[in-house]
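Below is one structure; the comments refer to it alone.
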Amino acid sequence: MMTHKEVEAYVLSMPDSWLDYPFGKDVAVYKVGPKDNGKMFALISEDKDPIQLSVKCDPELAKVLRETYDEVMPGYHLNKKHWNTIVMAGQTPWEEVQGFIRHSYELVTKA
């Protein structure tokens with residue numbers, strides 16, 4: 001099972017990404033772009049076990065992923081149409097989760 005720091009390292013490996021805490025110390029928010037106007041593409045709830053990772057997702061794909069993976073659900077405290085939360089309990093392969101992160105990053109950076 002992945003640790004928070006391992007997931008964070010992958011998220012921060014995306015070009016021009018950075019960490020912020022706009023909602024307080026309980027939620028790590030990963031953004032891309034300028035520091036004064038970055039767009040969030042991933043969030044990790046601090047001190048949750050298993051890790052809860054939220055990522056932006058194409059609405060049609062979001063539905064498919066929720067039907068395919070028990071660990072994928074509508075975004076927690078986010079727009080349910082555009083965000084998924086993955087409870088990383090070990091059922092969803094890490095390679096798939098990396099794909100979800102890349103997809104989110106690409107959605108945000110292409111806009």
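Simple scheme: letters A, B, ... for chains in structure tokens order, numbers from 1 for residues in each chain, numbers from 1 for ligands in the order shown.
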**OP:** Please give the complete set of residues from range 1-49 of chain A that DSSP, run on the backbone, assigns to strand (DSSP E or B), formatted as a PyMOL selection string.
**Re:** chain A and resi 17-20+27-32+39-45
**OP:** Find the residues near range 24-35 of chain A: any atom within 12 Å, counting only C-alpha atoms, skip ones fewer than 5 places away on the same chain, and give them as an MDAnalysis selection string.
**Re:** chainID A and resid 4:5 7:19 40:48 51:56 76:77 101 104:111
Selected residues, N, CA and C atoms, written as a compact mmCIF listing (two decimals), in the first residue's frame, please.
```
# COMPACT_ATOMS: atom_id res chain seq x y z
N HIS A 4 1.34 8.35 2.06
CA HIS A 4 1.01 9.72 1.65
C HIS A 4 2.18 10.35 0.91
N LYS A 5 3.38 10.19 1.45
CA LYS A 5 4.57 10.81 0.85
C LYS A 5 4.87 10.24 -0.53
N VAL A 7 2.61 8.98 -2.67
CA VAL A 7 1.60 9.53 -3.58
C VAL A 7 1.92 10.99 -3.86
N GLU A 8 2.26 11.73 -2.81
CA GLU A 8 2.60 13.14 -2.97
C GLU A 8 3.79 13.34 -3.91
N ALA A 9 4.79 12.50 -3.79
CA ALA A 9 5.97 12.61 -4.66
C ALA A 9 5.57 12.45 -6.12
N TYR A 10 4.66 11.51 -6.40
CA TYR A 10 4.23 11.34 -7.78
C TYR A 10 3.43 12.56 -8.25
N VAL A 11 2.51 13.03 -7.42
CA VAL A 11 1.70 14.21 -7.79
C VAL A 11 2.61 15.40 -8.08
N LEU A 12 3.60 15.61 -7.21
CA LEU A 12 4.50 16.77 -7.38
C LEU A 12 5.52 16.56 -8.50
N SER A 13 5.56 15.37 -9.08
CA SER A 13 6.45 15.15 -10.23
C SER A 13 5.86 15.73 -11.52
N MET A 14 4.60 16.13 -11.48
CA MET A 14 3.97 16.76 -12.64
C MET A 14 4.60 18.15 -12.83
N PRO A 15 4.90 18.52 -14.07
CA PRO A 15 5.56 19.81 -14.32
C PRO A 15 4.80 21.00 -13.71
N ASP A 16 5.52 21.91 -13.09
CA ASP A 16 4.98 23.15 -12.52
C ASP A 16 3.95 22.92 -11.42
N SER A 17 3.98 21.75 -10.78
CA SER A 17 3.02 21.49 -9.69
C SER A 17 3.63 21.92 -8.36
N TRP A 18 2.74 22.23 -7.41
CA TRP A 18 3.17 22.69 -6.10
C TRP A 18 2.08 22.42 -5.07
N LEU A 19 2.48 22.45 -3.82
CA LEU A 19 1.60 22.12 -2.69
C LEU A 19 1.09 23.38 -2.02
N MET A 40 -6.12 23.73 -8.95
CA MET A 40 -5.93 22.48 -8.23
C MET A 40 -6.28 21.29 -9.13
N PHE A 41 -5.46 20.23 -9.00
CA PHE A 41 -5.72 19.03 -9.78
C PHE A 41 -5.72 17.77 -8.91
N ALA A 42 -5.33 17.91 -7.64
CA ALA A 42 -5.36 16.77 -6.73
C ALA A 42 -5.42 17.27 -5.29
N LEU A 43 -6.06 16.47 -4.44
CA LEU A 43 -6.12 16.77 -3.02
C LEU A 43 -5.91 15.47 -2.26
N ILE A 44 -5.23 15.55 -1.13
CA ILE A 44 -5.07 14.40 -0.25
C ILE A 44 -5.46 14.84 1.15
N SER A 45 -6.39 14.10 1.75
CA SER A 45 -6.76 14.37 3.14
C SER A 45 -5.59 13.95 4.03
N GLU A 46 -5.16 14.86 4.89
CA GLU A 46 -4.05 14.57 5.80
C GLU A 46 -4.52 13.60 6.89
N ASP A 47 -3.63 12.75 7.34
CA ASP A 47 -3.87 11.85 8.47
C ASP A 47 -5.04 10.90 8.25
N LYS A 48 -5.30 10.49 7.02
CA LYS A 48 -6.34 9.49 6.74
C LYS A 48 -5.64 8.18 6.38
N ILE A 51 -5.24 6.28 2.51
CA ILE A 51 -5.14 7.59 1.85
C ILE A 51 -6.41 7.85 1.05
N GLN A 52 -6.89 9.09 1.12
CA GLN A 52 -8.01 9.53 0.29
C GLN A 52 -7.51 10.60 -0.66
N LEU A 53 -7.45 10.23 -1.92
CA LEU A 53 -6.94 11.10 -2.98
C LEU A 53 -8.10 11.54 -3.86
N SER A 54 -8.24 12.84 -4.06
CA SER A 54 -9.27 13.35 -4.96
C SER A 54 -8.61 13.94 -6.19
N VAL A 55 -9.18 13.62 -7.36
CA VAL A 55 -8.64 14.10 -8.63
C VAL A 55 -9.78 14.53 -9.54
N LYS A 56 -9.49 15.49 -10.39
CA LYS A 56 -10.46 15.95 -11.38
C LYS A 56 -10.60 14.86 -12.44
N TYR A 76 -15.23 13.89 -2.60
CA TYR A 76 -15.61 14.26 -1.24
C TYR A 76 -15.46 15.76 -1.06
N HIS A 77 -16.55 16.45 -0.75
CA HIS A 77 -16.58 17.91 -0.59
C HIS A 77 -16.16 18.66 -1.86
N ILE A 101 -4.24 10.44 -11.81
CA ILE A 101 -3.54 11.69 -11.48
C ILE A 101 -3.13 12.41 -12.76
N SER A 104 -6.15 13.99 -14.47
CA SER A 104 -6.56 15.21 -13.77
C SER A 104 -5.64 16.37 -14.14
N TYR A 105 -4.34 16.12 -14.09
CA TYR A 105 -3.36 17.14 -14.43
C TYR A 105 -3.58 17.65 -15.87
N GLU A 106 -3.80 16.71 -16.79
CA GLU A 106 -4.00 17.10 -18.19
C GLU A 106 -5.29 17.89 -18.39
N LEU A 107 -6.35 17.53 -17.67
CA LEU A 107 -7.60 18.30 -17.77
C LEU A 107 -7.38 19.75 -17.34
N VAL A 108 -6.66 19.93 -16.26
CA VAL A 108 -6.45 21.26 -15.70
C VAL A 108 -5.48 22.08 -16.56
N THR A 109 -4.45 21.45 -17.10
CA THR A 109 -3.45 22.20 -17.85
C THR A 109 -3.89 22.52 -19.27
N LYS A 110 -4.82 21.78 -19.82
CA LYS A 110 -5.26 22.06 -21.19
C LYS A 110 -6.28 23.18 -21.27
N ALA A 111 -6.90 23.49 -20.14
CA ALA A 111 -7.96 24.51 -20.13
C ALA A 111 -7.43 25.90 -20.33
```
Subject >> All helix (DSSP H, G or I) positions in range 21-93 of chain A, as JSON, numbers by chain >> reply: {"A": [59, 60, 61, 62, 63, 64, 65, 66, 67, 68]}
Emit the selected residues as a compact mmCIF listing (two decimals), in the first residue's frame, including C-alpha atoms.
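Written output follows (result.txt):
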```txt
# COMPACT_ATOMS: atom_id res chain seq x y z
CA PRO A 59 -17.63 13.47 -16.19
CA GLU A 60 -18.32 10.45 -18.42
CA LEU A 61 -15.09 8.73 -17.40
CA ALA A 62 -15.83 9.55 -13.74
CA LYS A 63 -19.05 7.50 -13.95
CA VAL A 64 -17.28 4.56 -15.56
CA LEU A 65 -14.51 4.57 -12.94
CA ARG A 66 -17.05 4.65 -10.10
CA GLU A 67 -18.82 1.64 -11.61
CA THR A 68 -15.53 -0.21 -12.21
```
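Minimum distance to Asp70 in chain A across A:Asp49, A:Asn37, A:Val87, A:Glu6 (counting only C-alpha atoms) occurs at A:Val87.
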